[in-house]
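Shown next: query-v6.pdb, containing PDB, C-alpha atoms.
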```pdb
MODEL        1
ATOM      1  CA  VAL S  13       0.000   0.000   0.000  1.00  0.00           C
ATOM      2  CA  ALA S  14       2.822   2.404   0.891  1.00  0.00           C
ATOM      3  CA  ASN S  15       4.457   1.768  -2.482  1.00  0.00           C
ATOM      4  CA  GLY S  16       1.171   2.440  -4.274  1.00  0.00           C
ATOM      5  CA  LEU S  17       0.551   5.706  -2.408  1.00  0.00           C
ATOM      6  CA  ALA S  18       4.107   7.052  -2.648  1.00  0.00           C
ATOM      7  CA  GLY S  19       4.072  10.407  -4.395  1.00  0.00           C
ATOM      8  CA  SER S  20       0.272  10.760  -4.304  1.00  0.00           C
ATOM      9  CA  LYS S  21      -1.847  13.155  -2.239  1.00  0.00           C
ATOM     10  CA  VAL S  22      -3.614  10.217  -0.559  1.00  0.00           C
ATOM     11  CA  PRO S  23      -2.341   9.564   3.000  1.00  0.00           C
ATOM     12  CA  LEU S  24      -1.794   6.112   4.428  1.00  0.00           C
ATOM     13  CA  GLY S  25      -4.046   5.201   7.350  1.00  0.00           C
ATOM     14  CA  VAL S  26      -3.437   2.050   9.386  1.00  0.00           C
ATOM     15  CA  ILE S  27      -6.083  -0.297  10.811  1.00  0.00           C
ATOM     16  CA  PRO S  28      -4.126  -2.805  12.950  1.00  0.00           C
ATOM     17  CA  THR S  29      -5.584  -6.230  12.183  1.00  0.00           C
ATOM     18  CA  GLY S  30      -2.290  -8.045  11.510  1.00  0.00           C
ATOM     19  CA  THR S  31      -0.420 -10.679  13.493  1.00  0.00           C
ATOM     20  CA  ALA S  32       1.984  -8.439  15.433  1.00  0.00           C
ATOM     21  CA  ASN S  33       0.861  -4.916  14.383  1.00  0.00           C
ATOM     22  CA  VAL S  34       4.377  -3.528  14.737  1.00  0.00           C
ATOM     23  CA  LEU S  35       3.640  -0.390  12.709  1.00  0.00           C
ATOM     24  CA  ALA S  36       0.661   0.421  14.962  1.00  0.00           C
ATOM     25  CA  ILE S  37       2.853  -0.027  18.042  1.00  0.00           C
ATOM     26  CA  GLU S  38       5.651   2.065  16.536  1.00  0.00           C
ATOM     27  CA  ILE S  39       3.460   5.088  15.865  1.00  0.00           C
ATOM     28  CA  GLY S  40       1.309   4.675  18.982  1.00  0.00           C
ATOM     29  CA  LEU S  41      -2.088   4.113  17.381  1.00  0.00           C
ATOM     30  CA  PRO S  42      -5.122   4.204  19.716  1.00  0.00           C
ATOM     31  CA  ARG S  43      -6.286   0.815  20.986  1.00  0.00           C
ATOM     32  CA  THR S  44     -10.045   1.439  20.752  1.00  0.00           C
ATOM     33  CA  SER S  45     -11.982   1.454  17.496  1.00  0.00           C
ATOM     34  CA  ASP S  46     -13.667   4.798  18.277  1.00  0.00           C
ATOM     35  CA  ALA S  47     -10.392   6.580  18.937  1.00  0.00           C
ATOM     36  CA  LEU S  48      -8.778   4.986  15.897  1.00  0.00           C
ATOM     37  CA  GLY S  49     -11.695   5.991  13.672  1.00  0.00           C
ATOM     38  CA  ALA S  50     -11.487   9.574  14.927  1.00  0.00           C
ATOM     39  CA  LEU S  51      -7.757   9.659  14.196  1.00  0.00           C
ATOM     40  CA  LEU S  52      -8.187   8.310  10.653  1.00  0.00           C
ATOM     41  CA  LEU S  53     -10.940  10.845   9.932  1.00  0.00           C
ATOM     42  CA  ASN S  54      -9.431  13.905  11.565  1.00  0.00           C
ATOM     43  CA  GLY S  55      -5.716  13.213  12.029  1.00  0.00           C
ATOM     44  CA  ARG S  56      -3.093  15.235  10.198  1.00  0.00           C
ATOM     45  CA  PRO S  57      -0.906  13.180   7.803  1.00  0.00           C
ATOM     46  CA  ARG S  58       2.847  13.555   8.263  1.00  0.00           C
ATOM     47  CA  GLN S  59       5.617  12.839   5.800  1.00  0.00           C
ATOM     48  CA  ILE S  60       7.739   9.917   6.955  1.00  0.00           C
ATOM     49  CA  CYS S  61      11.295   8.810   6.295  1.00  0.00           C
ATOM     50  CA  ALA S  62      10.866   5.447   4.624  1.00  0.00           C
ATOM     51  CA  GLY S  63      13.604   3.138   3.413  1.00  0.00           C
ATOM     52  CA  ARG S  64      14.008   1.489   0.029  1.00  0.00           C
ATOM     53  CA  VAL S  65      15.280  -1.995  -0.706  1.00  0.00           C
ATOM     54  CA  ASN S  66      16.041  -2.802  -4.348  1.00  0.00           C
ATOM     55  CA  LYS S  67      14.028   0.361  -5.220  1.00  0.00           C
ATOM     56  CA  ARG S  68      10.962  -0.776  -3.226  1.00  0.00           C
ATOM     57  CA  PHE S  69       9.784   1.260  -0.239  1.00  0.00           C
ATOM     58  CA  PHE S  70       9.643  -0.226   3.252  1.00  0.00           C
ATOM     59  CA  LEU S  71       8.523   1.344   6.516  1.00  0.00           C
ATOM     60  CA  LEU S  72      10.021  -0.692   9.375  1.00  0.00           C
ATOM     61  CA  TRP S  73      12.902  -3.019   8.551  1.00  0.00           C
ATOM     62  CA  VAL S  74      14.631  -5.404   6.172  1.00  0.00           C
ATOM     63  CA  GLY S  75      16.043  -8.648   7.546  1.00  0.00           C
ATOM     64  CA  ALA S  76      18.360 -11.317   6.137  1.00  0.00           C
ATOM     65  CA  GLY S  77      20.047 -14.444   7.400  1.00  0.00           C
ATOM     66  CA  PHE S  78      18.271 -15.908  10.442  1.00  0.00           C
ATOM     67  CA  ASP S  79      15.573 -13.244  10.103  1.00  0.00           C
ATOM     68  CA  GLY S  80      14.860 -13.808   6.418  1.00  0.00           C
ATOM     69  CA  ARG S  81      14.876 -17.596   6.685  1.00  0.00           C
ATOM     70  CA  LEU S  82      12.472 -17.509   9.644  1.00  0.00           C
ATOM     71  CA  VAL S  83       9.859 -15.501   7.718  1.00  0.00           C
ATOM     72  CA  HIS S  84      10.428 -17.606   4.589  1.00  0.00           C
ATOM     73  CA  ALA S  85       9.693 -20.767   6.600  1.00  0.00           C
ATOM     74  CA  ILE S  86       6.341 -19.523   7.959  1.00  0.00           C
ATOM     75  CA  ASP S  87       3.397 -21.714   6.956  1.00  0.00           C
ATOM     76  CA  PRO S  88       0.581 -19.261   5.979  1.00  0.00           C
ATOM     77  CA  ALA S  89      -2.124 -21.649   7.195  1.00  0.00           C
ATOM     78  CA  MET S  90      -0.350 -22.036  10.544  1.00  0.00           C
ATOM     79  CA  LYS S  91       0.066 -18.261  10.778  1.00  0.00           C
ATOM     80  CA  ARG S  92      -3.663 -17.706  10.209  1.00  0.00           C
ATOM     81  CA  ARG S  93      -4.557 -20.308  12.822  1.00  0.00           C
ATOM     82  CA  PHE S  94      -1.979 -19.689  15.539  1.00  0.00           C
ATOM     83  CA  GLY S  95      -0.804 -16.102  14.958  1.00  0.00           C
ATOM     84  CA  LYS S  96       2.473 -15.254  16.715  1.00  0.00           C
ATOM     85  CA  LEU S  97       2.996 -18.879  17.750  1.00  0.00           C
ATOM     86  CA  ALA S  98       3.722 -19.673  14.091  1.00  0.00           C
ATOM     87  CA  PHE S  99       6.716 -17.317  14.277  1.00  0.00           C
ATOM     88  CA  VAL S 100       7.861 -18.867  17.550  1.00  0.00           C
ATOM     89  CA  TRP S 101       7.760 -22.351  16.030  1.00  0.00           C
ATOM     90  CA  ALA S 102       9.601 -21.207  12.889  1.00  0.00           C
ATOM     91  CA  GLY S 103      12.209 -19.504  15.078  1.00  0.00           C
ATOM     92  CA  ILE S 104      12.798 -22.659  17.114  1.00  0.00           C
ATOM     93  CA  LYS S 105      13.319 -24.642  13.911  1.00  0.00           C
ATOM     94  CA  GLN S 106      15.814 -22.047  12.671  1.00  0.00           C
ATOM     95  CA  VAL S 107      17.765 -22.058  15.936  1.00  0.00           C
ATOM     96  CA  PHE S 108      18.070 -25.840  16.103  1.00  0.00           C
ATOM     97  CA  GLY S 109      18.184 -26.527  12.375  1.00  0.00           C
ATOM     98  CA  LYS S 110      21.025 -26.324   9.891  1.00  0.00           C
ATOM     99  CA  SER S 111      22.583 -22.874   9.658  1.00  0.00           C
ATOM    100  CA  GLY S 112      22.329 -21.029   6.357  1.00  0.00           C
ATOM    101  CA  PRO S 113      24.866 -18.998   4.365  1.00  0.00           C
ATOM    102  CA  ARG S 114      26.873 -16.305   6.113  1.00  0.00           C
ATOM    103  CA  LEU S 115      26.223 -12.697   5.123  1.00  0.00           C
ATOM    104  CA  GLU S 116      28.491  -9.835   4.127  1.00  0.00           C
ATOM    105  CA  VAL S 117      27.079  -6.451   5.194  1.00  0.00           C
ATOM    106  CA  SER S 118      28.778  -3.299   3.914  1.00  0.00           C
ATOM    107  CA  ASP S 119      28.207   0.451   3.881  1.00  0.00           C
ATOM    108  CA  GLY S 120      31.082   1.058   1.483  1.00  0.00           C
ATOM    109  CA  SER S 121      33.632   1.861   4.174  1.00  0.00           C
ATOM    110  CA  GLN S 122      33.004  -0.880   6.752  1.00  0.00           C
ATOM    111  CA  SER S 123      32.079  -4.527   6.236  1.00  0.00           C
ATOM    112  CA  TYR S 124      30.974  -7.252   8.636  1.00  0.00           C
ATOM    113  CA  GLU S 125      30.365 -10.955   8.214  1.00  0.00           C
ATOM    114  CA  CYS S 126      27.389 -12.195  10.187  1.00  0.00           C
ATOM    115  CA  GLY S 127      24.583 -14.735  10.359  1.00  0.00           C
ATOM    116  CA  TRP S 128      21.742 -12.268  10.935  1.00  0.00           C
ATOM    117  CA  ALA S 129      21.321  -8.699   9.708  1.00  0.00           C
ATOM    118  CA  VAL S 130      18.462  -6.238  10.191  1.00  0.00           C
ATOM    119  CA  VAL S 131      18.322  -2.786   8.611  1.00  0.00           C
ATOM    120  CA  ALA S 132      15.998  -0.859  10.933  1.00  0.00           C
ATOM    121  CA  ASN S 133      14.013   2.279  10.172  1.00  0.00           C
ATOM    122  CA  ALA S 134      12.096   1.914  13.442  1.00  0.00           C
ATOM    123  CA  GLU S 135      12.626   0.805  17.028  1.00  0.00           C
ATOM    124  CA  HIS S 136      10.141  -2.048  17.436  1.00  0.00           C
ATOM    125  CA  TYR S 137      10.223  -5.564  16.029  1.00  0.00           C
ATOM    126  CA  ALA S 138       7.963  -8.650  16.159  1.00  0.00           C
ATOM    127  CA  GLY S 139       5.466  -6.766  18.312  1.00  0.00           C
ATOM    128  CA  ALA S 140       6.587  -4.587  21.211  1.00  0.00           C
ATOM    129  CA  TYR S 141      10.191  -5.869  21.306  1.00  0.00           C
ATOM    130  CA  SER S 142      12.742  -3.066  21.145  1.00  0.00           C
ATOM    131  CA  LEU S 143      15.124  -3.963  18.320  1.00  0.00           C
ATOM    132  CA  ALA S 144      16.923  -0.660  17.792  1.00  0.00           C
ATOM    133  CA  PRO S 145      16.088   1.971  20.438  1.00  0.00           C
ATOM    134  CA  SER S 146      18.246   4.524  18.619  1.00  0.00           C
ATOM    135  CA  ALA S 147      16.238   4.215  15.380  1.00  0.00           C
ATOM    136  CA  ARG S 148      13.454   6.728  14.841  1.00  0.00           C
ATOM    137  CA  PHE S 149      10.578   6.112  12.443  1.00  0.00           C
ATOM    138  CA  ASP S 150       9.988   9.794  11.675  1.00  0.00           C
ATOM    139  CA  ALA S 151      13.663  10.819  11.500  1.00  0.00           C
ATOM    140  CA  VAL S 152      16.166  10.428   8.685  1.00  0.00           C
ATOM    141  CA  GLY S 153      18.510   7.501   9.232  1.00  0.00           C
ATOM    142  CA  LEU S 154      18.835   3.731   9.267  1.00  0.00           C
ATOM    143  CA  LYS S 155      20.446   1.446  11.848  1.00  0.00           C
ATOM    144  CA  THR S 156      21.889  -1.845  10.614  1.00  0.00           C
ATOM    145  CA  LEU S 157      22.431  -4.529  13.239  1.00  0.00           C
ATOM    146  CA  CYS S 158      24.956  -7.166  12.202  1.00  0.00           C
ATOM    147  CA  VAL S 159      24.596 -10.131  14.561  1.00  0.00           C
ATOM    148  CA  SER S 160      27.563 -12.484  14.319  1.00  0.00           C
ATOM    149  CA  ALA S 161      25.576 -15.611  15.333  1.00  0.00           C
ATOM    150  CA  ARG S 162      28.478 -17.959  14.581  1.00  0.00           C
ATOM    151  CA  ASN S 163      26.940 -20.765  16.564  1.00  0.00           C
ATOM    152  CA  ARG S 164      23.681 -21.745  18.233  1.00  0.00           C
ATOM    153  CA  ALA S 165      24.706 -20.366  21.635  1.00  0.00           C
ATOM    154  CA  SER S 166      25.556 -16.906  20.284  1.00  0.00           C
ATOM    155  CA  LEU S 167      22.295 -16.797  18.333  1.00  0.00           C
ATOM    156  CA  VAL S 168      20.275 -17.690  21.449  1.00  0.00           C
ATOM    157  CA  LEU S 169      22.179 -15.012  23.383  1.00  0.00           C
ATOM    158  CA  ALA S 170      21.289 -12.447  20.713  1.00  0.00           C
ATOM    159  CA  LEU S 171      17.614 -13.435  20.873  1.00  0.00           C
ATOM    160  CA  LEU S 172      17.736 -13.010  24.650  1.00  0.00           C
ATOM    161  CA  GLY S 173      19.208  -9.552  24.096  1.00  0.00           C
ATOM    162  CA  LEU S 174      16.320  -8.767  21.735  1.00  0.00           C
ATOM    163  CA  ALA S 175      13.793  -9.875  24.367  1.00  0.00           C
ATOM    164  CA  LEU S 176      15.472  -7.560  26.894  1.00  0.00           C
ATOM    165  CA  GLY S 177      15.672  -4.624  24.471  1.00  0.00           C
ATOM    166  CA  ARG S 178      19.487  -4.674  24.484  1.00  0.00           C
ATOM    167  CA  LEU S 179      20.381  -6.276  21.159  1.00  0.00           C
ATOM    168  CA  GLU S 180      22.338  -3.192  20.003  1.00  0.00           C
ATOM    169  CA  LYS S 181      24.645  -3.555  23.017  1.00  0.00           C
ATOM    170  CA  MET S 182      25.113  -7.332  22.994  1.00  0.00           C
ATOM    171  CA  PRO S 183      28.541  -8.906  22.362  1.00  0.00           C
ATOM    172  CA  GLY S 184      28.914 -10.034  18.774  1.00  0.00           C
ATOM    173  CA  VAL S 185      26.601  -7.291  17.463  1.00  0.00           C
ATOM    174  CA  ASN S 186      27.990  -4.494  15.290  1.00  0.00           C
ATOM    175  CA  VAL S 187      25.895  -1.459  14.346  1.00  0.00           C
ATOM    176  CA  LEU S 188      26.235   0.546  11.133  1.00  0.00           C
ATOM    177  CA  THR S 189      24.604   3.982  10.903  1.00  0.00           C
ATOM    178  CA  SER S 190      25.070   4.487   7.165  1.00  0.00           C
ATOM    179  CA  ASN S 191      22.049   5.235   4.978  1.00  0.00           C
ATOM    180  CA  ALA S 192      23.257   3.011   2.119  1.00  0.00           C
ATOM    181  CA  ILE S 193      23.783  -0.685   2.864  1.00  0.00           C
ATOM    182  CA  THR S 194      24.564  -3.710   0.705  1.00  0.00           C
ATOM    183  CA  ILE S 195      23.913  -7.254   1.943  1.00  0.00           C
ATOM    184  CA  ARG S 196      25.102 -10.279  -0.015  1.00  0.00           C
ATOM    185  CA  PRO S 197      25.960 -13.919   0.679  1.00  0.00           C
ATOM    186  CA  ALA S 198      29.524 -14.203   1.956  1.00  0.00           C
ATOM    187  CA  ASP S 199      32.101 -16.190  -0.016  1.00  0.00           C
ATOM    188  CA  GLY S 200      29.865 -16.435  -3.071  1.00  0.00           C
ATOM    189  CA  GLN S 201      27.339 -18.738  -1.415  1.00  0.00           C
ATOM    190  CA  GLY S 202      23.863 -19.187  -2.862  1.00  0.00           C
ATOM    191  CA  PRO S 203      20.882 -16.801  -2.563  1.00  0.00           C
ATOM    192  CA  ASP S 204      19.120 -16.497   0.779  1.00  0.00           C
ATOM    193  CA  PRO S 205      15.608 -15.156   1.532  1.00  0.00           C
ATOM    194  CA  VAL S 206      14.998 -11.586   2.702  1.00  0.00           C
ATOM    195  CA  GLN S 207      12.030 -10.330   4.720  1.00  0.00           C
ATOM    196  CA  VAL S 208      10.684  -6.809   4.229  1.00  0.00           C
ATOM    197  CA  ASP S 209       8.312  -5.467   6.906  1.00  0.00           C
ATOM    198  CA  GLY S 210       7.549  -9.052   7.884  1.00  0.00           C
ATOM    199  CA  ASP S 211       6.912 -10.377   4.365  1.00  0.00           C
ATOM    200  CA  ASP S 212       9.054 -12.805   2.363  1.00  0.00           C
ATOM    201  CA  LEU S 213       9.880 -10.644  -0.682  1.00  0.00           C
ATOM    202  CA  PHE S 214      13.463 -10.897  -1.967  1.00  0.00           C
ATOM    203  CA  THR S 215      16.589 -13.015  -2.055  1.00  0.00           C
ATOM    204  CA  LEU S 216      20.135 -11.761  -1.603  1.00  0.00           C
ATOM    205  CA  PRO S 217      21.902  -9.677  -2.747  1.00  0.00           C
ATOM    206  CA  ILE S 218      20.032  -6.489  -1.822  1.00  0.00           C
ATOM    207  CA  GLU S 219      20.754  -2.765  -1.725  1.00  0.00           C
ATOM    208  CA  VAL S 220      19.084  -0.716   1.016  1.00  0.00           C
ATOM    209  CA  GLU S 221      18.886   3.065   1.254  1.00  0.00           C
ATOM    210  CA  CYS S 222      17.244   5.687   3.435  1.00  0.00           C
ATOM    211  CA  TRP S 223      14.623   7.768   1.626  1.00  0.00           C
ATOM    212  CA  ASP S 224      14.716  11.333   2.935  1.00  0.00           C
ATOM    213  CA  VAL S 225      11.472  13.346   3.312  1.00  0.00           C
ATOM    214  CA  SER S 226      13.048  16.020   1.102  1.00  0.00           C
ATOM    215  CA  LYS S 227      13.087  13.615  -1.835  1.00  0.00           C
ATOM    216  CA  ALA S 228      10.191  12.710  -4.131  1.00  0.00           C
ATOM    217  CA  PRO S 229       8.060  10.633  -4.168  1.00  0.00           C
ATOM    218  CA  GLN S 230       7.032  10.888  -0.532  1.00  0.00           C
ATOM    219  CA  ILE S 231       4.780   8.823   1.750  1.00  0.00           C
ATOM    220  CA  ARG S 232       2.360  10.508   4.154  1.00  0.00           C
ATOM    221  CA  LEU S 233       1.112   8.592   7.175  1.00  0.00           C
ATOM    222  CA  VAL S 234      -1.773   9.426   9.520  1.00  0.00           C
ATOM    223  CA  MET S 235      -0.199   9.401  12.988  1.00  0.00           C
ATOM    224  CA  PRO S 236      -1.281  10.486  16.494  1.00  0.00           C
TER     225      PRO S 236
ENDMDL
END
```
For this file, write the structure as structure tokens.
Amino acid sequence: VANGLAGSKVPLGVIPTGTANVLAIEIGLPRTSDALGALLLNGRPRQICAGRVNKRFFLLWVGAGFDGRLVHAIDPAMKRRFGKLAFVWAGIKQVFGKSGPRLEVSDGSQSYECGWAVVANAEHYAGAYSLAPSARFDAVGLKTLCVSARNRASLVLALLGLALGRLEKMPGVNVLTSNAITIRPADGQGPDPVQVDGDDLFTLPIEVECWDVSKAPQIRLVMP
């Protein structure tokens, strides 16, 4: 929807009926239908700083490695029936299953090899979990978390850090603040799935960039 409305005069209004509703949490949407309806009817749209991955807009984040494979493995029927538990089950299978290709994440001046990478345009992730507290949805800038995850123990430790809202500060996690990021399989390994705002959309390699509000086209979002 955001890609379809980019550059138009029509604002984007959100009705949170998804599985985790991360966007609604990020912008602080009202929890009652009456208050939400009033906001959508009378709220003032604001231009937002979206990101772009392979020329496609995204609002929250782009994830590869552990993140991308988890979303790729989700069974749609299981997701409809069990909601967030489908993600938990897919995550358990990823943790205890065979590890996938390593990633090379670069901003042109620094490069890191890792097993999990998330380019964040927002703080929250998978619901109310704080992925990148320093990222701001309505401010220019991306935060890229490169999680080493060389073995099962380090991956579990990183997930614990995510649950505690301290992933940015965990050992084995490097943070890039550049607004232009390239992610590709390390050592020429095969393509790997990429999730965009929680959807399985691409395979590596990808190019990610911040899309400034001063550029055109722009996206306007109805926010509290």
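Ranking S:Ser142, S:Gln207, S:Ser166, S:Asn66 by their shortest atom-to-atom distance to Leu179 (chain S), with only C-alpha atoms included, puts S:Ser142 first.
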Completion exercise
Residue with the minimum atom-to-atom distance to Ala198 (chain S), picked from S:Leu216, S:Ala175, S:Gly139, S:Arg114 with only C-alpha atoms counted, is S:Arg114
Practice task
Taking the file above as input, evaluate the PyMOL selection byres ((chain S and resi 218) around 7) and report the hits as a list in words.
Solution key: Val65, Asn66, Thr194, Ile195, Arg196, Leu216, Pro217, Glu219 and Val220 of chain S
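Of note, CA of Gly16 (chain S) and CA of Pro57 (chain S) are spaced 16.3 Å apart.
Of the listed residues (S:Gly19, S:Val185, S:Glu116, S:Gln106), S:Val185 comes nearest to Gly173 (chain S); the distances count all atoms listed in the file.
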Considering only C-alpha atoms, give me a table of residues in region 56-79 of chain S that are at most 12 Å from region 117-122 of chain S, with the closest atom pair and distance in Å for each, as a tab-separated table.
```
residue	atom	partner	partner_atom	distance
S:Gly75	CA	S:Val117	CA	11.5
S:Ala76	CA	S:Val117	CA	10.0
S:Gly77	CA	S:Val117	CA	10.9
```
Exercise for the section: Do a neighbour search on Ala147 (chain S) at 10 Å with all atoms listed in the file, toss out local chain neighbours closer than 5 positions, and write the hits as a list in words. Expected result: Leu72, Val131, Ala132, Asn133, Ala134, Glu135, His136, Ser142, Val152, Gly153, Leu154, Lys155, Thr156 and Thr189 of chain S
Put a box with edges along x, y and z around all the listed atoms of region 48-65 of chain S, pad it by 8 Å on each side, then give me its centre and sizes in Å, one decimal, as AutoDock Vina command-line options.
```
--center_x 1.8 --center_y 6.6 --center_z 7.6 --size_x 43.0 --size_y 33.2 --size_z 32.6
```
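One finds CA of Ile27 (chain S) at 11.5 Å from CA of Ala47 (chain S).
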Given the file shown, enumerate the residues that the PyMOL selection byres ((chain S and resi 227) around 12) captures and present them as a short mmCIF file (atom, residue, chain, number, x, y, z; two decimals) with C-alpha atoms, in the frame of the given file.
```cif
data_model
loop_
_atom_site.label_atom_id
_atom_site.label_comp_id
_atom_site.auth_asym_id
_atom_site.auth_seq_id
_atom_site.Cartn_x
_atom_site.Cartn_y
_atom_site.Cartn_z
CA ALA S 18 4.11 7.05 -2.65
CA GLY S 19 4.07 10.41 -4.39
CA GLN S 59 5.62 12.84 5.80
CA ILE S 60 7.74 9.92 6.96
CA CYS S 61 11.30 8.81 6.30
CA ALA S 62 10.87 5.45 4.62
CA GLY S 63 13.60 3.14 3.41
CA VAL S 152 16.17 10.43 8.68
CA CYS S 222 17.24 5.69 3.44
CA TRP S 223 14.62 7.77 1.63
CA ASP S 224 14.72 11.33 2.94
CA VAL S 225 11.47 13.35 3.31
CA SER S 226 13.05 16.02 1.10
CA ALA S 228 10.19 12.71 -4.13
CA PRO S 229 8.06 10.63 -4.17
CA GLN S 230 7.03 10.89 -0.53
CA ILE S 231 4.78 8.82 1.75
#
```
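Near Ala98 (chain S), within 8 Å and counting only C-alpha atoms, sit Ile86, Asp87, Met90, Lys91, Phe94 and Ala102 of chain S; same-chain residues fewer than 4 positions away were not included.
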